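input_9.cif follows; it contains mmCIF, C-alpha atoms.
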```cif
data_query
loop_
_atom_site.group_PDB
_atom_site.id
_atom_site.type_symbol
_atom_site.label_atom_id
_atom_site.label_comp_id
_atom_site.auth_asym_id
_atom_site.auth_seq_id
_atom_site.Cartn_x
_atom_site.Cartn_y
_atom_site.Cartn_z
ATOM 1 C CA MET A 1 0.000 0.000 0.000
ATOM 2 C CA LYS A 2 1.423 3.377 -0.971
ATOM 3 C CA ALA A 3 1.760 6.000 1.761
ATOM 4 C CA ILE A 4 -0.009 9.312 1.161
ATOM 5 C CA ASN A 5 2.166 12.370 1.592
ATOM 6 C CA ILE A 6 0.414 15.190 3.496
ATOM 7 C CA LEU A 7 1.458 17.637 0.775
ATOM 8 C CA ASN A 8 -0.387 15.607 -1.873
ATOM 9 C CA LEU A 9 -3.804 15.920 -0.198
ATOM 10 C CA PRO A 10 -4.415 19.661 -0.815
ATOM 11 C CA PHE A 11 -3.097 19.312 -4.361
ATOM 12 C CA ALA A 12 -5.472 16.406 -5.001
ATOM 13 C CA ALA A 13 -8.361 18.466 -3.619
ATOM 14 C CA ALA A 14 -7.497 21.326 -5.984
ATOM 15 C CA LEU A 15 -7.440 18.956 -8.955
ATOM 16 C CA LEU A 16 -10.744 17.401 -7.926
ATOM 17 C CA LEU A 17 -12.366 20.823 -7.656
ATOM 18 C CA ALA A 18 -11.038 21.903 -11.044
ATOM 19 C CA SER A 19 -12.158 18.705 -12.747
ATOM 20 C CA SER A 20 -15.646 18.969 -11.237
ATOM 21 C CA LEU A 21 -15.975 22.522 -12.553
ATOM 22 C CA VAL A 22 -14.913 21.447 -16.039
ATOM 23 C CA SER A 23 -17.243 18.450 -16.097
ATOM 24 C CA ALA A 24 -20.186 20.523 -14.820
ATOM 25 C CA SER A 25 -19.876 23.109 -17.586
ATOM 26 C CA PRO A 26 -21.972 22.691 -20.732
ATOM 27 C CA ALA A 27 -20.191 21.546 -23.888
ATOM 28 C CA GLY A 28 -18.823 24.359 -26.028
ATOM 29 C CA SER A 29 -18.918 26.987 -23.308
ATOM 30 C CA SER A 30 -15.852 29.162 -22.842
ATOM 31 C CA ASN A 31 -15.423 29.418 -19.102
ATOM 32 C CA THR A 32 -11.738 28.579 -18.921
ATOM 33 C CA GLN A 33 -11.110 31.801 -17.011
ATOM 34 C CA GLU A 34 -13.578 30.672 -14.299
ATOM 35 C CA VAL A 35 -11.927 27.262 -14.111
ATOM 36 C CA THR A 36 -8.465 28.809 -13.932
ATOM 37 C CA SER A 37 -9.625 31.197 -11.207
ATOM 38 C CA ALA A 38 -11.186 28.367 -9.204
ATOM 39 C CA THR A 39 -8.065 26.252 -9.601
ATOM 40 C CA GLN A 40 -5.826 29.094 -8.431
ATOM 41 C CA GLN A 41 -8.076 29.753 -5.449
ATOM 42 C CA ALA A 42 -8.070 26.068 -4.462
ATOM 43 C CA SER A 43 -4.290 25.963 -4.857
ATOM 44 C CA ASN A 44 -3.885 29.049 -2.644
ATOM 45 C CA ASN A 45 -6.164 27.538 0.009
ATOM 46 C CA ALA A 46 -4.162 24.299 -0.096
ATOM 47 C CA SER A 47 -0.832 26.102 0.321
ATOM 48 C CA ASN A 48 -2.258 28.168 3.213
ATOM 49 C CA THR A 49 -3.334 24.931 4.915
ATOM 50 C CA VAL A 50 0.147 23.421 4.514
ATOM 51 C CA ASP A 51 1.751 26.620 5.847
ATOM 52 C CA ALA A 52 -0.536 26.552 8.890
ATOM 53 C CA LEU A 53 0.399 22.920 9.607
ATOM 54 C CA VAL A 54 4.118 23.626 9.256
ATOM 55 C CA ASN A 55 3.840 26.559 11.675
ATOM 56 C CA GLN A 56 2.207 24.302 14.297
ATOM 57 C CA ILE A 57 5.128 21.853 14.376
ATOM 58 C CA GLN A 58 7.314 22.526 17.390
ATOM 59 C CA PRO A 59 10.862 21.206 17.705
ATOM 60 C CA ARG A 60 11.497 18.671 20.459
ATOM 61 C CA LYS A 61 13.622 19.657 23.434
ATOM 62 C CA PRO A 62 16.332 17.173 24.390
ATOM 63 C CA GLY A 63 15.895 15.315 27.656
ATOM 64 C CA GLN A 64 18.465 14.609 30.341
ATOM 65 C CA CYS A 65 20.147 11.236 30.730
ATOM 66 C CA PHE A 66 21.073 10.125 34.270
ATOM 67 C CA SER A 67 23.523 7.501 35.538
ATOM 68 C CA ALA A 68 21.158 6.204 38.268
ATOM 69 C CA LYS A 69 17.496 5.219 38.571
ATOM 70 C CA ASN A 70 14.742 7.782 39.330
ATOM 71 C CA CYS A 71 16.658 10.574 37.573
ATOM 72 C CA THR A 72 19.375 10.701 40.218
ATOM 73 C CA GLY A 73 23.135 10.526 39.923
ATOM 74 C CA LYS A 74 25.288 12.279 37.381
ATOM 75 C CA VAL A 75 23.868 13.715 34.178
ATOM 76 C CA ILE A 76 25.442 11.657 31.393
ATOM 77 C CA GLY A 77 24.175 13.828 28.566
ATOM 78 C CA ASN A 78 21.262 15.506 26.843
ATOM 79 C CA HIS A 79 19.574 13.001 24.549
ATOM 80 C CA GLN A 80 16.454 13.676 22.522
ATOM 81 C CA HIS A 81 15.076 10.153 22.979
ATOM 82 C CA ALA A 82 15.214 7.666 25.857
ATOM 83 C CA HIS A 83 16.610 4.834 23.722
ATOM 84 C CA ASN A 84 19.659 6.997 22.932
ATOM 85 C CA CYS A 85 20.190 7.534 26.658
ATOM 86 C CA LYS A 86 19.970 3.800 27.263
ATOM 87 C CA ASN A 87 22.493 3.158 24.484
ATOM 88 C CA ALA A 88 24.864 5.610 26.223
ATOM 89 C CA GLY A 89 24.645 3.573 29.460
ATOM 90 C CA GLY A 90 22.036 5.695 31.196
ATOM 91 C CA LYS A 91 19.698 4.219 33.836
ATOM 92 C CA SER A 92 16.966 6.887 33.681
ATOM 93 C CA TRP A 93 15.877 9.715 31.386
ATOM 94 C CA ARG A 94 13.849 12.897 31.991
ATOM 95 C CA SER A 95 11.803 14.107 29.030
ATOM 96 C CA GLY A 96 12.545 17.639 27.866
ATOM 97 C CA VAL A 97 8.947 18.043 26.695
ATOM 98 C CA THR A 98 6.909 16.681 29.629
ATOM 99 C CA GLY A 99 9.517 16.606 32.412
ATOM 100 C CA GLN A 100 8.530 13.031 33.267
ATOM 101 C CA CYS A 101 11.270 10.707 34.581
ATOM 102 C CA SER A 102 11.500 7.220 33.042
ATOM 103 C CA ASN A 103 13.648 4.373 34.332
ATOM 104 C CA LEU A 104 15.402 2.548 31.512
#
```

Show the structure stored in the file as structure tokens.
Amino acid sequence: MKAINILNLPFAAALLLASSLVSASPAGSSNTQEVTSATQQASNNASNTVDALVNQIQPRKPGQCFSAKNCTGKVIGNHQHAHNCKNAGGKSWRSGVTGQCSNL
């Protein structure tokens, strides 16, 4: 099954809208300017939606990796994910996002 890229969805919606406008028009009519305008508007709406989604994405803060259980002992390093802390020999990790301590 092919994965759907989030950027393809607004583009597909714009194409669907444009094709429905073309198919709904009577044969021989010259409304290409209306179709072009509708296509441009749908494309602008799609790009605005993508921009809004990109602006909502927040970067992750790295957590702290500790040498002992219950987030005690020396800080070994700042690792973004707990599995990286465990690979470095850490026994517990505090999330930079939630602040929750996890024993590894």

| task | Quote the spacing between atom CA of Thr98 of chain A and atom CA of Ile57 of chain A in Å to one decimal place. | result | 16.2 Å

| request: Could you state which residues are captured by the PyMOL selection byres ((chain A and resi 70) around 8) in this file, as JSON, numbers by chain? | output: {"A": [68, 69, 71, 72, 92, 101, 102, 103]}

Convert the output of the PyMOL selection byres ((chain A and resi 73-88) around 7) on the shown file into explicit residues, formatted as a compact mmCIF listing (two decimals) with C-alpha atoms, in the frame of the given file.
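Result saved to expr-v2.txt:
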```txt
# COMPACT_ATOMS: atom_id res chain seq x y z
CA LYS A 61 13.62 19.66 23.43
CA PRO A 62 16.33 17.17 24.39
CA GLY A 63 15.90 15.32 27.66
CA GLN A 64 18.46 14.61 30.34
CA CYS A 65 20.15 11.24 30.73
CA PHE A 66 21.07 10.12 34.27
CA SER A 67 23.52 7.50 35.54
CA ALA A 68 21.16 6.20 38.27
CA CYS A 71 16.66 10.57 37.57
CA THR A 72 19.38 10.70 40.22
CA GLY A 89 24.64 3.57 29.46
CA GLY A 90 22.04 5.70 31.20
CA LYS A 91 19.70 4.22 33.84
CA TRP A 93 15.88 9.72 31.39
CA LEU A 104 15.40 2.55 31.51
```
